[in-house]
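What follows is a short report on a single structure.
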Amino acid sequence: MKKIFFTLLFFLAIVRPAFSQQLLLTGNIKDQQGMTVPFTSVYIKNTTIGTSANIDGVYMLKLNKGAYTIVFKTIGYKTVEKVVELDSNAVENVVLTPETYSLKEVSISANAKDPAYEIIKNAIKNRKKHLEEVKEFSCNVYIKGVQKLVGAPKKFFGRDIQKTLDLDTNRKGILYQSESQSTYNCRKPNHVHEEMIASKVAGRNNAFSFNKASDLEINFYNNIILENVLSSRGFVSPIADYALFYYKYKLIGTTVENGVYINKIEVTPRRKHDPAFRGYIYIADDNWRIQGTDLYLTKNTGINLIDTLNIIQQFTKVDSTYMPSNINFTFNGNVMGFKFDGYYLGVFNNYNLNPNFPDSYFNGEILKIPKNVNQKDTTYWNASRPIPLNLEEKINYIRKDSIAKRKESKFYLDSLERVNNNFTTAKLLLTHYTINNRYAQHSVKLDPVLKAFIYNTVEGFGINYGFTFTKEFEYNRKYSIRPEIRYGFASRTLTANISGDYYYDPVKKAHVSLSMGSGIYDLNRYGTMNLLSNTLNTLLFEKNYPKFYQKNFINGATTREIARGLQGAVAIQYARNKNLVNNTTFSFFDRDDQEFTSNNPYTPLVETPLFPDYNALTTNLSLIYTFGQKYITRPDGKIYQESKAPRIELTYQKGFKNVLGSDVDYDLISMEVYKERISAGLWGYSSFVVGAGKFLNNNVVFYPESKHFRGNNSLTSLPDIRKFSFLDFYQYSTDRHYVEAHVEHNFAGLIMNKIPLIRKLKLEEVIGGSYLNQPLKKNYKEFYYGLQRLIFRVTYGYAYDGNRKVHEGFRISYGF
């Protein structure tokens with residue numbers, strides 16, 4: 001009996017797949033002229049089960065045996081329904097005919113508006129209702145992305161482009177190709193949770209796709225679209241509350257689909273450079289829902305990085321509403337002679353509009369990528385991929401995946417390293433010279449030699465040089481060790497230190513560090529200017545802004561995520577701090593109206609000790625909490641997303657008296673609240689920082705342990721919202737209490753975009769101000785305005801001590 005039972009089980013195990021195996025319905029979709037119709041929606045009627053044709057118009061649908069009504073639908077063509085009876089794999093080719101749009105017979109006076117305006121007004125009235133109609137849903141999502149280079153120069157900075165980017169002889173080819181499958185869950189207005197099921201990236205067998213369904217979910221019921229994605233301002237929806245100010249509309253015609261009258265409306269920006277779309281939007285009569293979009297953004301609208309973006313949306317009926325079935329982004333551009341194009345396609349199906357998520361389901365994790373999602377083999381993808389690959393994509397996968405496997409071998413990596421590690425003088429002098437061993441996953445990066453030469457009035461000409469050894473492990477765990485030496489020829493002082501960092505849990509943002517040795521450091525712990533800038537200012541302009549001291553130390557620190565949005569850090573340091581003085585006054589140009597100041601910022605004309613040599617045992621505890629923190633969890637780390645709410649940072653610093661000979665004795669508690677890029681819609685965005693602190697105990701506080709501020713005495717600086725434009729670097733540090741605030745608004749081209757010729761520069765207008773109140777600087781205020789573009793900024797500002805103006809002038813910022 002037992003033998004019969006196991007024989008029956010074995011028989012069922014064999015025959016069950018044969019009965020349950022899905023059949024394949026394939027075909028190509030063309031128009032009446034025989035041209036392919038790409039990205040057509042293909043789905044089973046009265047369901048949300050479906051797929052999309054690929055870029056060549058080829059579709060593939062896996063179904064069980066039986067009869068089905070298959071719907072073929074795409075923007076601009078009549079919907080086709082075909083009844084198919086499947087008892088084996090079948091081919092069903094489809095020819096689509098252009099949709100005919102007829103204008104209703106209406107009497108229009110000479111000064112009457114186009115009928116499209118009335119349709120749009122009704123759509124605007126119902127915008128919010130449709131936006132909030134679906135409270136929550138879940139679905140499956142397939143995302144495919146392809147980026148291609150279609151033209152490039154032969155060489156770029158002396159490098160052969162064909163070989164460097166692995167292109168064909170015409171310098172064309174696919175640069176990036178990826179696919180992903182996910183389950184996507186959403187609760188309006190802003191809760192999402194996506195879990196990736198499978199991920200594939202051509203030529204990167206161990207990589208995880210960056211595809212994210214929420215990036216493709218473009219909702220034109222929102223007033224502003226793609227904000228902070230391709231532009232700081234975003235773009236106005238054709239049915240935004242204030243859309244009539246930005247758009248002109250024209251009714252192309254009306255057609256009937258399944259008893260629903262659908263209006264095709266052409267939209268064009270009222271002004272050429274407005275942040276608005278052009279193209280077509282399809283709106284149904286009676287309920288005034290969006291039925292589809294075919295909209296473009298061009299360079300005139302202020303988009304960055306690309307020249308043209310086309311967004312095509314198709315919808316399918318789910319219960320009594322409509323949900324996106326296909327969303328396609330097609331783009332192209334030209335950057336420095338590199339011409340590119342590509343697309344991202346999202347297929348949304350198997351909708352559930354009543355998922356009944358538990359209250360604790362949405363916990364801030366917007367995307368989870370498990371460890372094994374990138375381990376699916378070719379067999380899996382051939383069986384589960386809903387959109388067939390075209391020939392170019394198949395070849396790209398085969399070639400790049402085989403190359404990737406070959407690259408994993410020690411022989412290949414060794415040969416590659418012999419080329420990449422080739423020593424050149426330019427690498428050593430100008431850029432980092434790196435010695436990689438990818439097979440062993442470690443590297444040594446040598447600092448550029450020219451950057452190592454420094455000059456200041458304390459050390460004279462000197463050398464500050466180091467290198468970094470890094471060892472990497474699986475999932476982005478790694479440790480690094482960096483020794484560094486520094487020698488000043490005028491001061492005859494040699495310092496050396498070594499530091500180590502170990503990132504042991506990237507998902508928890510956890511790492512420990514240890515450093516020890518000696519070094520020359522800026523008296524302002526936030527720094528004043530980099531060594532190169534100071535060298536140039538000192539030698540060329542006879543200005544020695546930074547002031548230095550020597551520190552012999554041992555320091556240990558650790559950071560870790562404690563809970564969602566809460567990051568904790570602890571550091572403890574024991575140091576021997578030594579006052580320094582100037583040892584040289586050399587400069588290339590001896591200016592009559594300029595002379596060097598001493599190394600004591602309070603006595604610029606005479607060298608006096610700012611503090612005695614002393615020992616300091618100190619600790620620093622900090623907690624940073626981000627309200628509403630959202631994040632992506634990957635096996636190789638956690639990626640925080642910018643929150644709409646502010647961050648708050650609490651810090652406690654203590655100096656221990658008479659412990660290990662420590663001379664300091666103080667307690668400082670401080671708090672800072674900050675938020676960057678607060679959206680103001682088409683008016684740009686704002687950022688702010690507000691901080692306050694108090695020394696609860698200041699029995700013994702030497703200058704290096706005081707509370708410092710980010711001042712600026714020079715014409716140029718690095719951009720930092722916490723930086724004052726005119727405040728002295730050193731003179732207003734405090735050991736008592738303080739309040740500081742900084743606010744800035746970026747209009748994102750709101751004004752400059754309206755000025756002919758100048759708007760081509762894509763300049764952004766900024767205004768801002770800063771405030772400081774502490775015992776030695778009461779009611780200090782700064783105001784500024786200016787322009788910026790990418791990493792460069794020029795502002796003109798004013799500084800007031802109370803009501804008295806003390807400074808004004810230009811400031812230049814650069815981001816490198």
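Letters for chains follow the order of the structure tokens (A, B, ...), residue numbers begin at 1 for each chain, and ligand numbers begin at 1 in the order shown.
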
Select from region 617-676 of chain A everything DSSP, run on the backbone, classes as strand (DSSP E), then give the selection as JSON, numbers by chain.
{"A": [617, 618, 619, 620, 621, 622, 623, 624, 625, 626, 630, 631, 632, 633, 634, 637, 638, 639, 640, 641, 647, 648, 649, 650, 651, 652, 653, 654, 655, 656, 665, 666, 667, 668, 669, 670, 671, 672, 673, 674, 675, 676]}

List as a count of residues only the protein and nucleic acid residues near Asn658 (chain A), meaning an atom at most 10 Å away when only C-alpha atoms are counted, but skip any in the same chain fewer than 6 places from it.
5

So that I can check the surroundings of region 740-743 of chain A, please list as a PDB file with C-alpha atoms, in the first residue's frame every protein, DNA and RNA residue that reaches within 6 Å of it, counting only C-alpha atoms and ignoring chain neighbours fewer than 2 positions away.
```pdb
ATOM      1  CA  SER A 687      15.701  76.040   3.623  1.00  0.00           C
ATOM      2  CA  PHE A 688      16.283  76.973   7.252  1.00  0.00           C
ATOM      3  CA  VAL A 689      18.472  76.209  10.275  1.00  0.00           C
ATOM      4  CA  VAL A 690      17.729  77.354  13.817  1.00  0.00           C
ATOM      5  CA  GLY A 691      20.126  76.516  16.646  1.00  0.00           C
ATOM      6  CA  GLY A 768      18.541  84.830   2.444  1.00  0.00           C
ATOM      7  CA  GLY A 769      19.492  86.021   5.861  1.00  0.00           C
ATOM      8  CA  SER A 770      21.334  85.009   9.043  1.00  0.00           C
ATOM      9  CA  TYR A 771      21.029  85.971  12.690  1.00  0.00           C
ATOM     10  CA  LEU A 772      23.312  85.602  15.728  1.00  0.00           C
TER      11      LEU A 772
END
```

Could you list, as JSON, numbers by chain, every residue within 12 Å of Phe548 (chain A), counting only C-alpha atoms and ignoring same-chain residues fewer than 6 positions away?
{"A": [456, 457, 458, 459, 519, 520, 521, 522, 523, 524, 525, 527, 528, 529, 531, 577, 578, 579, 580, 581, 582, 598, 599, 600, 601, 609, 610, 703, 704, 730]}

Expected file: the selected residues, C-alpha atoms, as a short mmCIF file (atom, residue, chain, number, x, y, z; two decimals), in the first residue's frame:
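The result, stored in result-v6.cif:
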```cif
data_model
loop_
_atom_site.label_atom_id
_atom_site.label_comp_id
_atom_site.auth_asym_id
_atom_site.auth_seq_id
_atom_site.Cartn_x
_atom_site.Cartn_y
_atom_site.Cartn_z
CA ASN A 456 50.90 79.16 5.97
CA THR A 457 52.53 81.61 8.31
CA VAL A 458 52.65 79.13 11.20
CA GLU A 459 54.41 76.25 9.43
CA GLY A 519 48.26 67.06 13.82
CA ILE A 520 47.91 70.76 13.05
CA TYR A 521 44.29 71.87 13.13
CA ASP A 522 42.18 74.98 12.58
CA LEU A 523 41.20 76.79 15.80
CA ASN A 524 37.63 76.86 14.49
CA ARG A 525 36.49 73.24 14.52
CA GLY A 527 37.18 75.07 9.48
CA THR A 528 37.71 78.33 7.65
CA MET A 529 39.11 77.47 4.23
CA LEU A 531 44.69 74.30 2.60
CA ASN A 577 46.55 70.92 22.94
CA LYS A 578 49.39 73.32 22.23
CA ASN A 579 49.28 76.98 21.23
CA LEU A 580 51.20 77.95 18.06
CA VAL A 581 52.67 81.18 16.72
CA ASN A 582 53.71 82.50 13.30
CA SER A 598 49.34 87.02 14.35
CA ASN A 599 48.11 83.51 15.05
CA ASN A 600 45.97 84.91 17.87
CA PRO A 601 42.71 86.26 16.33
CA PRO A 609 49.34 82.96 23.62
CA LEU A 610 45.64 82.38 23.08
CA TYR A 703 39.32 78.37 23.03
CA PRO A 704 39.33 75.06 21.07
CA TYR A 730 37.17 83.42 15.23
#
```

Give me the residues within 9 Å of Ser515 (chain A) as a short mmCIF file (atom, residue, chain, number, x, y, z; two decimals) with all heavy atoms, in the first residue's frame, counting only C-alpha atoms and dropping any in the same chain fewer than 5 places off.
```cif
data_model
loop_
_atom_site.label_atom_id
_atom_site.label_comp_id
_atom_site.auth_asym_id
_atom_site.auth_seq_id
_atom_site.Cartn_x
_atom_site.Cartn_y
_atom_site.Cartn_z
N ASN A 497 49.58 60.98 12.17
CA ASN A 497 48.46 60.31 12.82
C ASN A 497 47.95 59.19 11.93
O ASN A 497 48.27 59.13 10.73
CB ASN A 497 47.34 61.30 13.16
CG ASN A 497 46.82 62.03 11.93
OD1 ASN A 497 46.10 61.45 11.12
ND2 ASN A 497 47.20 63.30 11.79
N ILE A 498 47.16 58.32 12.52
CA ILE A 498 46.56 57.22 11.78
C ILE A 498 45.12 57.07 12.24
O ILE A 498 44.80 57.24 13.43
CB ILE A 498 47.35 55.91 11.99
CG1 ILE A 498 46.79 54.81 11.09
CG2 ILE A 498 47.36 55.49 13.45
CD1 ILE A 498 47.68 53.57 11.03
N SER A 499 44.24 56.82 11.29
CA SER A 499 42.82 56.67 11.63
C SER A 499 42.27 55.43 10.93
O SER A 499 42.74 55.03 9.86
CB SER A 499 42.03 57.91 11.19
OG SER A 499 42.15 58.12 9.79
N GLY A 500 41.28 54.84 11.55
CA GLY A 500 40.63 53.66 10.99
C GLY A 500 39.13 53.75 11.15
O GLY A 500 38.62 54.22 12.17
N ASP A 501 38.39 53.31 10.14
CA ASP A 501 36.93 53.28 10.17
C ASP A 501 36.45 51.90 9.76
O ASP A 501 37.00 51.31 8.80
CB ASP A 501 36.35 54.32 9.21
CG ASP A 501 36.52 55.73 9.72
OD1 ASP A 501 35.68 56.18 10.50
OD2 ASP A 501 37.51 56.38 9.32
N PHE A 553 46.58 63.38 20.23
CA PHE A 553 45.27 62.89 20.64
C PHE A 553 45.10 61.39 20.43
O PHE A 553 45.85 60.73 19.69
CB PHE A 553 44.19 63.60 19.82
CG PHE A 553 44.27 63.27 18.36
CD1 PHE A 553 43.51 62.24 17.80
CD2 PHE A 553 45.12 63.98 17.51
CE1 PHE A 553 43.60 61.94 16.46
CE2 PHE A 553 45.21 63.67 16.15
CZ PHE A 553 44.45 62.65 15.63
N ILE A 554 44.07 60.87 21.07
CA ILE A 554 43.50 59.57 20.76
C ILE A 554 41.99 59.75 20.83
O ILE A 554 41.47 60.37 21.77
CB ILE A 554 43.99 58.46 21.72
CG1 ILE A 554 43.33 57.12 21.32
CG2 ILE A 554 43.71 58.80 23.17
CD1 ILE A 554 43.95 55.92 22.03
N ASN A 555 41.29 59.25 19.82
CA ASN A 555 39.87 59.51 19.69
C ASN A 555 39.14 58.25 19.24
O ASN A 555 39.60 57.53 18.34
CB ASN A 555 39.64 60.64 18.67
CG ASN A 555 38.17 60.95 18.47
OD1 ASN A 555 37.57 61.66 19.27
ND2 ASN A 555 37.58 60.41 17.41
N GLY A 556 38.01 57.96 19.85
CA GLY A 556 37.17 56.84 19.45
C GLY A 556 35.73 57.30 19.28
O GLY A 556 35.26 58.18 20.02
#
```

Excluding Ile218 (chain A) and residues on its chain fewer than 3 positions from it, collect all residues at most 12 Å away from it, counting only C-alpha atoms, and give them as a ChimeraX atom specification.
/A:131,213-215,221-227,229,235,237,292-293,295,311-314,323-324,326-329,346

What is the CA of Lys400 (chain A)-CA of Val141 (chain A) distance in Å, reported with one decimal?
25.3 Å

Region 532-541 of chain A environment, 7 Å, only C-alpha atoms, sequence neighbours closer than 5 positions dropped, as a PDB file with all heavy atoms, in the first residue's frame:
```pdb
ATOM      1  N   ILE A 454      51.795  72.735   0.950  1.00  0.00           N
ATOM      2  CA  ILE A 454      51.009  73.768   1.626  1.00  0.00           C
ATOM      3  C   ILE A 454      51.919  74.901   2.064  1.00  0.00           C
ATOM      4  O   ILE A 454      53.145  74.764   2.113  1.00  0.00           O
ATOM      5  CB  ILE A 454      50.269  73.194   2.860  1.00  0.00           C
ATOM      6  CG1 ILE A 454      51.288  72.676   3.886  1.00  0.00           C
ATOM      7  CG2 ILE A 454      49.299  72.098   2.448  1.00  0.00           C
ATOM      8  CD1 ILE A 454      50.656  72.262   5.218  1.00  0.00           C
ATOM      9  N   TYR A 455      51.273  76.014   2.380  1.00  0.00           N
ATOM     10  CA  TYR A 455      52.018  77.139   2.951  1.00  0.00           C
ATOM     11  C   TYR A 455      51.086  77.908   3.872  1.00  0.00           C
ATOM     12  O   TYR A 455      49.932  78.191   3.544  1.00  0.00           O
ATOM     13  CB  TYR A 455      52.547  78.076   1.865  1.00  0.00           C
ATOM     14  CG  TYR A 455      53.300  79.263   2.442  1.00  0.00           C
ATOM     15  CD1 TYR A 455      54.602  79.115   2.900  1.00  0.00           C
ATOM     16  CD2 TYR A 455      52.685  80.511   2.576  1.00  0.00           C
ATOM     17  CE1 TYR A 455      55.290  80.183   3.468  1.00  0.00           C
ATOM     18  CE2 TYR A 455      53.366  81.590   3.134  1.00  0.00           C
ATOM     19  CZ  TYR A 455      54.668  81.410   3.581  1.00  0.00           C
ATOM     20  OH  TYR A 455      55.351  82.460   4.145  1.00  0.00           O
ATOM     21  N   ASN A 456      51.579  78.238   5.062  1.00  0.00           N
ATOM     22  CA  ASN A 456      50.898  79.156   5.970  1.00  0.00           C
ATOM     23  C   ASN A 456      51.942  79.806   6.853  1.00  0.00           C
ATOM     24  O   ASN A 456      53.099  79.377   6.894  1.00  0.00           O
ATOM     25  CB  ASN A 456      49.812  78.436   6.787  1.00  0.00           C
ATOM     26  CG  ASN A 456      50.368  77.289   7.618  1.00  0.00           C
ATOM     27  OD1 ASN A 456      51.132  77.514   8.558  1.00  0.00           O
ATOM     28  ND2 ASN A 456      49.997  76.057   7.275  1.00  0.00           N
ATOM     29  N   SER A 587      55.838  86.182   1.532  1.00  0.00           N
ATOM     30  CA  SER A 587      54.801  86.121   0.497  1.00  0.00           C
ATOM     31  C   SER A 587      55.434  86.543  -0.818  1.00  0.00           C
ATOM     32  O   SER A 587      56.492  87.189  -0.833  1.00  0.00           O
ATOM     33  CB  SER A 587      53.607  87.021   0.832  1.00  0.00           C
ATOM     34  OG  SER A 587      53.986  88.382   0.768  1.00  0.00           O
ATOM     35  N   PHE A 588      54.809  86.184  -1.921  1.00  0.00           N
ATOM     36  CA  PHE A 588      55.361  86.535  -3.236  1.00  0.00           C
ATOM     37  C   PHE A 588      55.315  88.044  -3.478  1.00  0.00           C
ATOM     38  O   PHE A 588      56.165  88.584  -4.169  1.00  0.00           O
ATOM     39  CB  PHE A 588      54.590  85.819  -4.345  1.00  0.00           C
ATOM     40  CG  PHE A 588      54.826  84.333  -4.384  1.00  0.00           C
ATOM     41  CD1 PHE A 588      53.861  83.467  -4.877  1.00  0.00           C
ATOM     42  CD2 PHE A 588      56.019  83.788  -3.932  1.00  0.00           C
ATOM     43  CE1 PHE A 588      54.081  82.101  -4.935  1.00  0.00           C
ATOM     44  CE2 PHE A 588      56.258  82.424  -3.972  1.00  0.00           C
ATOM     45  CZ  PHE A 588      55.279  81.571  -4.466  1.00  0.00           C
ATOM     46  N   PHE A 589      54.321  88.701  -2.917  1.00  0.00           N
ATOM     47  CA  PHE A 589      54.151  90.141  -3.146  1.00  0.00           C
ATOM     48  C   PHE A 589      54.004  90.841  -1.794  1.00  0.00           C
ATOM     49  O   PHE A 589      53.097  90.548  -1.028  1.00  0.00           O
ATOM     50  CB  PHE A 589      52.913  90.416  -4.008  1.00  0.00           C
ATOM     51  CG  PHE A 589      52.906  89.646  -5.303  1.00  0.00           C
ATOM     52  CD1 PHE A 589      52.141  88.498  -5.429  1.00  0.00           C
ATOM     53  CD2 PHE A 589      53.683  90.061  -6.373  1.00  0.00           C
ATOM     54  CE1 PHE A 589      52.136  87.779  -6.612  1.00  0.00           C
ATOM     55  CE2 PHE A 589      53.683  89.347  -7.554  1.00  0.00           C
ATOM     56  CZ  PHE A 589      52.912  88.203  -7.684  1.00  0.00           C
TER      57      PHE A 589
END
```

Which residue is closest to Lys272 (chain A)? Choose from A:Ile767, A:Leu715, A:Ile239, A:Ile755 and count only C-alpha atoms.
A:Ile755

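For the pair CA of Leu450 (chain A) and CA of Tyr433 (chain A), the separation is 12.2 Å.
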
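Secondary structure by DSSP on the backbone puts the following residues of region 98-323 of chain A in alpha helix (DSSP H): Ala116, Tyr117, Glu118, Ile119, Ile120, Lys121, Asn122, Ala123, Ile124, Lys125, Arg127, Lys128, Lys129, His130, Leu131, Ile161, Gln162, Lys163, Thr164, Ala213, Ser214, Asp215 and Leu216 of chain A.
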
Residue among A:Pro115, A:Gly517, A:Pro646, A:Gly466 lying closest to Gln629 (chain A), counting only C-alpha atoms
A:Pro646

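Considering only C-alpha atoms, the residue among A:Gly259, A:Pro153, A:Gly234, A:Gly802 positioned nearest to Asn773 (chain A) is A:Gly802.
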
Of A:Thr431, A:Thr493, A:Thr48, A:Ser138, the one nearest to Val318 (chain A) when counting only C-alpha atoms is A:Thr48

For the atom pair CA of Phe729 (chain A) and CA of Tyr487 (chain A), what is the interatomic distance in Å to one decimal place?
24.8 Å

Which of these, A:Leu761, A:Leu61, A:Val37, A:Gly253, has the shortest distance to Ser384 (chain A) once you count only C-alpha atoms?
A:Leu61
